[in-house]
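Shown next: model22.txt, containing compact mmCIF, C-alpha atoms.
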```txt
# COMPACT_ATOMS: atom_id res chain seq x y z
CA MET A 15 10.29 9.11 33.49
CA THR A 16 6.83 7.67 34.18
CA LYS A 17 4.00 9.51 32.48
CA PRO A 18 1.22 10.86 34.73
CA PHE A 19 -2.29 9.41 34.46
CA ILE A 20 -4.68 11.68 32.63
CA ASN A 21 -7.59 12.92 34.78
CA ASP A 22 -11.21 13.09 33.67
CA GLU A 23 -11.23 16.83 32.98
CA GLN A 24 -8.05 16.68 30.92
CA LEU A 25 -9.38 13.73 28.93
CA ARG A 26 -12.70 15.50 28.34
CA ASN A 27 -10.96 18.65 27.05
CA LEU A 28 -8.64 16.71 24.78
CA LYS A 29 -11.53 14.66 23.40
CA GLN A 30 -13.27 17.90 22.41
CA LEU A 31 -10.16 18.99 20.50
CA LEU A 32 -9.82 15.58 18.92
CA GLN A 33 -13.45 15.47 17.79
CA SER A 34 -13.39 18.94 16.23
CA ASN A 35 -13.25 19.42 12.47
CA ASP A 36 -10.09 21.48 12.78
CA ARG A 37 -7.05 19.38 11.92
CA THR A 38 -4.73 21.66 13.90
CA ASN A 39 -6.80 21.01 17.04
CA GLN A 40 -6.75 17.29 16.34
CA GLN A 41 -2.97 17.21 15.99
CA LEU A 42 -2.59 19.30 19.15
CA ALA A 43 -4.79 16.90 21.10
CA LEU A 44 -2.85 13.87 19.90
CA SER A 45 0.46 15.52 20.73
CA LEU A 46 -0.75 16.34 24.26
CA LEU A 47 -2.09 12.82 24.75
CA ARG A 48 1.41 11.46 24.26
CA GLY A 49 2.37 12.99 27.61
CA PHE A 50 -0.11 10.89 29.62
CA GLN A 51 -0.88 7.33 30.52
CA LEU A 52 -4.25 6.67 28.92
CA PRO A 53 -7.16 4.43 30.02
CA PRO A 54 -7.28 1.14 28.04
CA ASP A 55 -10.84 1.77 26.80
CA PHE A 56 -9.83 5.17 25.42
CA LEU A 57 -6.75 3.65 23.76
CA ASP A 58 -9.00 1.10 22.07
CA GLU A 59 -11.24 3.93 20.84
CA LEU A 60 -8.24 5.82 19.48
CA ARG A 61 -6.90 2.78 17.66
CA SER A 62 -10.31 2.12 16.14
CA ARG A 63 -11.00 5.67 14.92
CA TYR A 64 -7.48 6.90 14.15
CA PRO A 65 -5.32 3.82 13.44
CA LEU A 66 -2.63 5.57 11.41
CA VAL A 67 -2.28 8.41 13.85
CA CYS A 68 -1.90 5.91 16.66
CA LEU A 69 1.07 4.53 14.79
CA ALA A 70 2.50 7.99 14.26
CA TYR A 71 2.15 9.02 17.89
CA GLY A 72 3.28 5.78 19.46
CA PHE A 73 -0.06 4.54 20.75
CA TYR A 74 0.82 1.09 19.39
CA LEU A 75 4.07 0.95 21.33
CA PRO A 76 2.80 -1.71 23.77
CA PHE A 77 2.60 -3.93 20.67
CA GLU A 78 5.89 -2.80 19.15
CA GLY A 79 6.95 -6.37 18.44
CA ILE A 80 3.99 -7.16 16.20
CA ARG A 81 4.76 -8.49 12.74
CA LYS A 82 1.47 -7.70 10.99
CA ILE A 83 -0.79 -4.62 10.90
CA SER A 84 -4.06 -4.44 8.95
CA LEU A 85 -5.79 -1.06 8.73
CA HIS A 86 -9.09 -0.02 7.18
CA ILE A 87 -8.95 3.73 6.58
CA HIS A 88 -12.38 5.42 6.57
CA ASP A 89 -13.68 8.73 5.26
CA HIS A 90 -14.36 10.04 8.73
CA ASN A 91 -10.80 9.35 9.80
CA HIS A 92 -9.81 13.01 9.50
CA ALA A 93 -6.44 12.63 11.18
CA SER A 94 -5.53 9.39 9.44
CA THR A 95 -3.13 11.00 6.99
CA ALA A 96 -0.61 11.94 9.65
CA SER A 97 2.92 10.91 8.84
CA LEU A 98 4.05 7.62 10.29
CA GLY A 99 7.62 8.86 10.33
CA ASN A 100 7.73 8.90 14.16
CA TYR A 101 6.88 5.22 14.37
CA THR A 102 9.35 2.44 13.69
CA ASN A 103 9.03 -1.27 14.17
CA PRO A 104 12.00 -3.29 12.95
CA GLN A 105 9.95 -6.49 13.28
CA LEU A 106 6.98 -5.40 11.16
CA GLU A 107 6.80 -7.72 8.15
CA ILE A 108 3.22 -7.40 6.84
CA LEU A 109 1.26 -4.17 6.30
CA GLU A 110 -2.22 -4.12 4.77
CA LEU A 111 -3.99 -0.82 3.99
CA ASP A 112 -7.60 -0.93 2.82
CA MET A 113 -8.64 2.54 1.65
CA LYS A 114 -11.74 1.69 -0.37
CA ASP A 115 -13.92 4.07 1.69
CA ARG A 116 -11.35 6.84 1.97
CA PHE A 117 -12.11 10.20 0.38
CA CYS A 118 -9.21 12.54 -0.34
CA TYR A 119 -8.98 16.10 -1.54
CA LEU A 120 -6.69 16.91 -4.44
CA HIS A 121 -3.97 18.38 -2.21
CA GLU A 122 -3.82 15.30 0.00
CA ASP A 123 -1.72 12.19 -0.50
CA PRO A 124 -4.15 9.29 -0.02
CA ILE A 125 -1.35 6.87 0.91
CA PRO A 126 0.27 7.65 4.27
CA THR A 127 4.03 7.77 4.68
CA ILE A 128 4.86 4.09 5.11
CA TRP A 129 8.08 3.79 3.12
CA HIS A 130 10.38 3.81 6.16
CA PHE A 131 9.07 0.39 7.24
CA THR A 132 12.09 -1.19 5.57
CA SER A 133 11.58 -4.55 7.30
CA LEU A 134 8.37 -5.17 5.33
CA LYS A 135 8.18 -8.42 3.40
CA LYS A 136 4.56 -8.10 2.33
CA LEU A 137 2.63 -4.92 1.45
CA MET A 138 -0.97 -4.69 0.30
CA ILE A 139 -2.62 -1.37 -0.64
CA LYS A 140 -6.23 -1.63 -1.70
CA GLY A 141 -8.81 0.53 -3.31
CA ASN A 142 -8.60 4.29 -3.68
CA TRP A 143 -9.43 6.16 -6.88
CA SER A 144 -7.67 9.28 -5.58
CA VAL A 145 -4.24 7.71 -6.05
CA HIS A 146 -2.44 8.84 -9.20
CA ARG A 147 0.85 7.12 -8.49
CA LEU A 148 2.89 5.29 -5.91
CA SER A 149 5.77 7.18 -4.34
CA SER A 150 9.21 6.48 -5.75
CA SER A 151 10.18 5.86 -2.11
CA ILE A 152 8.76 2.37 -2.49
CA GLY A 153 12.22 1.50 -3.79
CA GLN A 154 13.46 1.68 -0.17
CA LEU A 155 11.58 -1.51 0.77
CA HIS A 156 14.43 -3.81 -0.17
CA GLN A 157 13.14 -6.73 1.92
CA LEU A 158 9.80 -6.79 0.12
CA GLU A 159 8.82 -10.19 -1.28
CA SER A 160 5.15 -9.57 -2.05
CA LEU A 161 3.45 -6.38 -3.31
CA ASP A 162 -0.29 -6.13 -4.03
CA VAL A 163 -1.79 -2.90 -5.38
CA ILE A 164 -5.50 -3.48 -5.97
CA ASP A 165 -8.44 -1.52 -7.40
CA PHE A 166 -7.06 1.96 -7.98
CA GLY A 167 -9.57 2.98 -10.60
CA CYS A 168 -8.60 5.16 -13.53
CA ASN A 169 -5.67 7.27 -12.33
CA MET A 170 -2.64 5.03 -12.03
CA HIS A 171 -1.27 4.58 -15.54
CA THR A 172 2.10 3.04 -14.73
CA MET A 173 3.95 1.49 -11.83
CA PRO A 174 6.98 3.41 -10.54
CA GLU A 175 10.29 2.30 -12.03
CA GLU A 176 11.71 2.06 -8.50
CA ILE A 177 9.76 -1.17 -8.05
CA CYS A 178 12.39 -2.70 -10.31
CA HIS A 179 14.91 -2.17 -7.47
CA LEU A 180 13.01 -4.64 -5.26
CA THR A 181 14.98 -7.66 -6.38
CA ARG A 182 13.59 -9.92 -3.63
CA LEU A 183 10.06 -9.69 -5.00
CA LYS A 184 8.47 -13.05 -5.69
CA HIS A 185 4.89 -11.82 -6.11
CA LEU A 186 3.83 -8.59 -7.82
CA SER A 187 0.22 -7.64 -8.42
CA PHE A 188 -1.24 -4.47 -9.95
CA GLN A 189 -4.86 -5.52 -10.35
CA ASP A 190 -7.61 -3.24 -11.68
CA CYS A 191 -5.36 -0.16 -11.74
CA ARG A 192 -5.77 0.80 -15.42
CA LEU A 193 -2.07 0.48 -16.15
CA GLU A 194 -1.07 1.46 -19.66
CA GLN A 195 2.52 0.24 -19.51
CA LEU A 196 5.10 -1.53 -17.38
CA PRO A 197 8.58 -0.16 -16.67
CA GLU A 198 11.19 -1.34 -19.18
CA LYS A 199 13.51 -2.46 -16.37
CA ILE A 200 11.02 -4.98 -14.98
CA GLY A 201 13.43 -7.70 -16.08
CA ARG A 202 15.58 -6.86 -13.04
CA LEU A 203 13.11 -8.70 -10.80
CA LYS A 204 15.05 -11.93 -11.15
CA ASN A 205 13.20 -13.71 -8.34
CA LEU A 206 9.68 -12.87 -9.51
CA GLU A 207 7.45 -15.95 -9.66
CA THR A 208 3.96 -14.45 -10.14
CA LEU A 209 2.94 -11.29 -11.98
CA ASN A 210 -0.74 -10.36 -11.75
CA LEU A 211 -1.93 -7.70 -14.20
CA LYS A 212 -5.57 -8.73 -14.21
CA GLY A 213 -8.16 -6.08 -15.05
CA ASN A 214 -5.80 -3.52 -16.61
CA TRP A 215 -7.75 -3.18 -19.83
CA CYS A 216 -5.59 -0.30 -21.10
CA LEU A 217 -2.48 -2.50 -21.08
CA GLU A 218 -1.90 -3.59 -24.68
CA TRP A 219 1.70 -4.83 -24.69
CA LEU A 220 4.50 -6.03 -22.43
CA PRO A 221 8.07 -4.66 -22.48
CA LYS A 222 10.65 -6.87 -24.16
CA HIS A 223 12.76 -7.05 -20.98
CA ILE A 224 10.08 -9.21 -19.41
CA ARG A 225 11.98 -12.05 -21.08
CA TYR A 226 14.55 -11.86 -18.26
CA LEU A 227 12.06 -13.03 -15.61
CA GLN A 228 13.37 -16.56 -15.83
CA LYS A 229 11.71 -17.67 -12.57
CA LEU A 230 8.26 -16.44 -13.61
CA LYS A 231 5.71 -19.22 -13.13
CA ILE A 232 2.38 -17.41 -13.57
CA LEU A 233 1.50 -14.37 -15.65
CA ASP A 234 -2.13 -13.27 -15.22
CA LEU A 235 -3.34 -11.18 -18.16
CA ARG A 236 -7.08 -11.75 -17.83
CA GLY A 237 -9.05 -8.63 -18.63
CA THR A 238 -6.13 -6.71 -20.11
CA GLY A 239 -6.05 -4.92 -23.46
CA ILE A 240 -3.77 -7.51 -25.05
CA ARG A 241 -5.57 -8.76 -28.13
CA SER A 242 -2.84 -10.43 -30.18
CA LEU A 243 0.24 -12.60 -29.94
CA SER A 244 2.47 -9.60 -30.52
CA GLY A 245 1.56 -8.23 -27.09
CA ILE A 246 3.12 -11.21 -25.31
CA GLU A 247 5.62 -12.36 -27.91
CA SER A 248 8.60 -12.12 -25.53
CA VAL A 249 6.88 -14.31 -22.96
CA VAL A 250 5.82 -16.98 -25.44
CA LYS A 251 9.27 -17.10 -27.06
CA TYR A 252 11.64 -16.75 -24.10
CA LEU A 253 9.60 -17.99 -21.10
CA PRO A 254 8.05 -21.25 -22.28
CA GLN A 255 7.74 -22.50 -18.69
CA THR A 256 5.50 -19.58 -17.69
CA GLU A 257 1.78 -20.27 -17.40
CA ILE A 258 -0.14 -17.44 -19.07
CA LEU A 259 -3.64 -16.87 -17.70
CA ILE A 260 -5.75 -15.15 -20.30
CA HIS A 261 -9.45 -15.18 -21.08
CA PRO A 262 -10.12 -17.17 -24.27
CA LEU A 263 -12.17 -14.29 -25.67
CA ASP A 264 -9.23 -11.87 -25.19
CA VAL A 265 -6.70 -13.61 -27.41
CA PRO A 266 -7.93 -16.36 -29.75
CA MET A 267 -4.99 -18.70 -29.44
CA CYS A 268 -3.53 -21.60 -27.56
CA VAL A 269 -0.41 -20.83 -25.55
```
So that I can check it, write out the structure of this file as C-alpha cells.
Amino acid sequence: MTKPFINDEQLRNLKQLLQSNDRTNQQLALSLLRGFQLPPDFLDELRSRYPLVCLAYGFYLPFEGIRKISLHIHDHNHASTASLGNYTNPQLEILELDMKDRFCYLHEDPIPTIWHFTSLKKLMIKGNWSVHRLSSSIGQLHQLESLDVIDFGCNMHTMPEEICHLTRLKHLSFQDCRLEQLPEKIGRLKNLETLNLKGNWCLEWLPKHIRYLQKLKILDLRGTGIRSLSGIESVVKYLPQTEILIHPLDVPMCV
C-alpha cells in the first residue's frame, strides 16, 4: 500500500514533537513519520540530525543496498540511541561509528545495537569514554575481517572473549583503550595478520596463547606498559616472523 504524502500541518506538528526534549515524544514522532511519504529535504535533515534513528525506522530504505555507512554521533542527537533492530541490510559490509562528541548518562549504552549486522566485514568504533565494555554479542559478527576500537579512555580494561570467536579476523585494533589484559583464547584467531595495541599503557604482558597466531605479521606495542622481554616472550620465541613495533624507550632491546 502506498503511503500518503504528509501535509504541512502534520509535518509541523511532528517536528514539534521531534524537537522536544522528551524522548517519548521523539519516539512517537518518528513512529508516526513512518506512515508517510516525506519531502526529500526533510529526509536529509532527519538523516543529518538523527542518523541512527533513521536506520532504526527505515528512513535509509531507499539506500538499502549500500555497503558502507559512516556515522558521527553528536551530543545533541537525543534520539540516536534507538535500537537498530528494525533495520537490516544483508549487503552492509562496512560500518563506522564516531562517538567522540557523544555524552552518555550512566544508565545509557553508548554503543547502539549494531550486532545483528552479521554481514559486516569491517567495523570501526571510535572515541567514547562512557564505554566500559563491548557487548558479548560482537561474537555474532562471524564475517568480520577488520575490527578497530579506538580511543575509549580509561574504562575498557579488557576486550570481550567473544572476539576470539571471530576466526575470519585479519586485523584487530584496540588503540588507546587502557586495556590491562587480552583474553587467553586470542590464539583462536588463526587468520589474524595485524594486532594493534598501541597506547594501552596498562598492558604489561601478553597471554601465552598468542603464540598460536601463526599468520601474525605486525604486532604494535608502542606506548604499552610492556617494559621487559618477559612481556612478549611468547612472540619472540614462537613467532619469529612477526614484526614487533615498540618504542625504543619502552623496551631496551633489539627484536
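We find atom CA of Lys199 of chain A and atom CA of Met113 of chain A to be spaced 29.0 Å apart.
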Within 7 Å of file point (-1.9, -12.0, -17.4), counting all atoms listed in the file, expressed as a list in words: Asn210, Leu211, Lys212, Leu233, Asp234, Leu235, Arg236, Ile258, Leu259 and Ile260 of chain A
Output the selection as a PDB file, in the frame of the given file - C-alpha atoms for each residue.
```
ATOM      1  CA  ASN A 210      -0.740 -10.360 -11.750  1.00  0.00           C
ATOM      2  CA  LEU A 211      -1.930  -7.700 -14.200  1.00  0.00           C
ATOM      3  CA  LYS A 212      -5.570  -8.730 -14.210  1.00  0.00           C
ATOM      4  CA  LEU A 233       1.500 -14.370 -15.650  1.00  0.00           C
ATOM      5  CA  ASP A 234      -2.130 -13.270 -15.220  1.00  0.00           C
ATOM      6  CA  LEU A 235      -3.340 -11.180 -18.160  1.00  0.00           C
ATOM      7  CA  ARG A 236      -7.080 -11.750 -17.830  1.00  0.00           C
ATOM      8  CA  ILE A 258      -0.140 -17.440 -19.070  1.00  0.00           C
ATOM      9  CA  LEU A 259      -3.640 -16.870 -17.700  1.00  0.00           C
ATOM     10  CA  ILE A 260      -5.750 -15.150 -20.300  1.00  0.00           C
TER      11      ILE A 260
END
```
All residues 6 Å or closer to segment 238-246 of chain A, all atoms listed in the file, same chain fewer than 6 positions away omitted, as a PyMOL selection string: chain A and resi 213-220+264-265
7 Å contact set for Glu107 of chain A, only C-alpha atoms, chain neighbours under 4 positions out, as an MDAnalysis selection string: chainID A and resid 81:82 133:136
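For the atom pair formed by atom CA of Gln255 of chain A and atom CA of Leu206 of chain A, the distance is 13.4 Å, given to one decimal.
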Residue nearest Gln24 of chain A - candidates A:Pro174, A:Pro54, A:Pro126, A:Gly49, atoms counted: all atoms listed in the file: A:Gly49
Atom completion result for segment 186-197 of chain A (all heavy atoms) as a compact mmCIF listing (two decimals), in the frame of the given file:
```txt
# COMPACT_ATOMS: atom_id res chain seq x y z
N LEU A 186 4.15 -9.98 -7.51
CA LEU A 186 3.83 -8.59 -7.82
C LEU A 186 2.46 -8.54 -8.48
O LEU A 186 2.21 -9.22 -9.47
CB LEU A 186 4.89 -8.01 -8.77
CG LEU A 186 4.65 -6.57 -9.27
CD1 LEU A 186 4.57 -5.60 -8.10
CD2 LEU A 186 5.74 -6.16 -10.25
N SER A 187 1.58 -7.74 -7.91
CA SER A 187 0.22 -7.64 -8.42
C SER A 187 -0.20 -6.18 -8.52
O SER A 187 -0.17 -5.45 -7.52
CB SER A 187 -0.76 -8.40 -7.52
OG SER A 187 -2.10 -8.21 -7.94
N PHE A 188 -0.56 -5.74 -9.72
CA PHE A 188 -1.24 -4.47 -9.95
C PHE A 188 -2.55 -4.82 -10.62
O PHE A 188 -2.62 -4.95 -11.84
CB PHE A 188 -0.40 -3.54 -10.83
CG PHE A 188 0.56 -2.68 -10.07
CD1 PHE A 188 1.66 -3.22 -9.45
CD2 PHE A 188 0.36 -1.31 -9.98
CE1 PHE A 188 2.56 -2.43 -8.75
CE2 PHE A 188 1.24 -0.50 -9.28
CZ PHE A 188 2.35 -1.06 -8.65
N GLN A 189 -3.58 -5.02 -9.83
CA GLN A 189 -4.86 -5.52 -10.35
C GLN A 189 -5.89 -4.40 -10.37
O GLN A 189 -6.08 -3.69 -9.38
CB GLN A 189 -5.36 -6.68 -9.49
CG GLN A 189 -6.67 -7.27 -9.96
CD GLN A 189 -7.06 -8.51 -9.16
OE1 GLN A 189 -6.21 -9.28 -8.72
NE2 GLN A 189 -8.35 -8.70 -8.98
N ASP A 190 -6.57 -4.25 -11.52
CA ASP A 190 -7.61 -3.24 -11.68
C ASP A 190 -7.09 -1.84 -11.37
O ASP A 190 -7.70 -1.08 -10.61
CB ASP A 190 -8.81 -3.56 -10.78
CG ASP A 190 -9.47 -4.88 -11.14
OD1 ASP A 190 -9.62 -5.15 -12.34
OD2 ASP A 190 -9.82 -5.64 -10.22
N CYS A 191 -5.96 -1.48 -11.96
CA CYS A 191 -5.36 -0.16 -11.74
C CYS A 191 -5.31 0.68 -13.01
O CYS A 191 -4.80 1.78 -13.00
CB CYS A 191 -3.95 -0.31 -11.18
SG CYS A 191 -3.89 -1.05 -9.55
N ARG A 192 -5.78 0.14 -14.12
CA ARG A 192 -5.77 0.80 -15.42
C ARG A 192 -4.35 1.17 -15.87
O ARG A 192 -4.10 2.26 -16.39
CB ARG A 192 -6.66 2.04 -15.41
CG ARG A 192 -7.11 2.45 -16.81
CD ARG A 192 -8.07 3.61 -16.78
NE ARG A 192 -8.47 4.02 -18.13
CZ ARG A 192 -9.30 5.01 -18.39
NH1 ARG A 192 -9.82 5.70 -17.41
NH2 ARG A 192 -9.60 5.32 -19.63
N LEU A 193 -3.42 0.27 -15.64
CA LEU A 193 -2.07 0.48 -16.15
C LEU A 193 -2.09 0.53 -17.67
O LEU A 193 -2.82 -0.21 -18.32
CB LEU A 193 -1.15 -0.66 -15.71
CG LEU A 193 -0.85 -0.81 -14.20
CD1 LEU A 193 0.11 -1.97 -14.00
CD2 LEU A 193 -0.27 0.47 -13.63
N GLU A 194 -1.24 1.39 -18.21
CA GLU A 194 -1.07 1.46 -19.66
C GLU A 194 0.26 0.86 -20.10
O GLU A 194 0.41 0.47 -21.27
CB GLU A 194 -1.16 2.91 -20.13
CG GLU A 194 -2.53 3.53 -19.88
CD GLU A 194 -2.59 4.99 -20.32
OE1 GLU A 194 -1.55 5.51 -20.78
OE2 GLU A 194 -3.67 5.59 -20.20
N GLN A 195 1.22 0.80 -19.18
CA GLN A 195 2.52 0.24 -19.51
C GLN A 195 3.24 -0.22 -18.25
O GLN A 195 2.90 0.18 -17.14
CB GLN A 195 3.38 1.27 -20.24
CG GLN A 195 3.65 2.53 -19.42
CD GLN A 195 4.43 3.56 -20.19
OE1 GLN A 195 4.84 3.34 -21.32
NE2 GLN A 195 4.67 4.71 -19.57
N LEU A 196 4.24 -1.07 -18.45
CA LEU A 196 5.10 -1.53 -17.38
C LEU A 196 6.48 -0.91 -17.57
O LEU A 196 6.86 -0.59 -18.71
CB LEU A 196 5.23 -3.05 -17.39
CG LEU A 196 3.93 -3.87 -17.29
CD1 LEU A 196 4.27 -5.35 -17.24
CD2 LEU A 196 3.11 -3.46 -16.09
N PRO A 197 7.24 -0.72 -16.51
CA PRO A 197 8.58 -0.16 -16.67
C PRO A 197 9.47 -1.10 -17.48
O PRO A 197 9.41 -2.32 -17.33
CB PRO A 197 9.08 0.00 -15.23
CG PRO A 197 8.22 -0.87 -14.40
CD PRO A 197 6.90 -0.95 -15.10
```
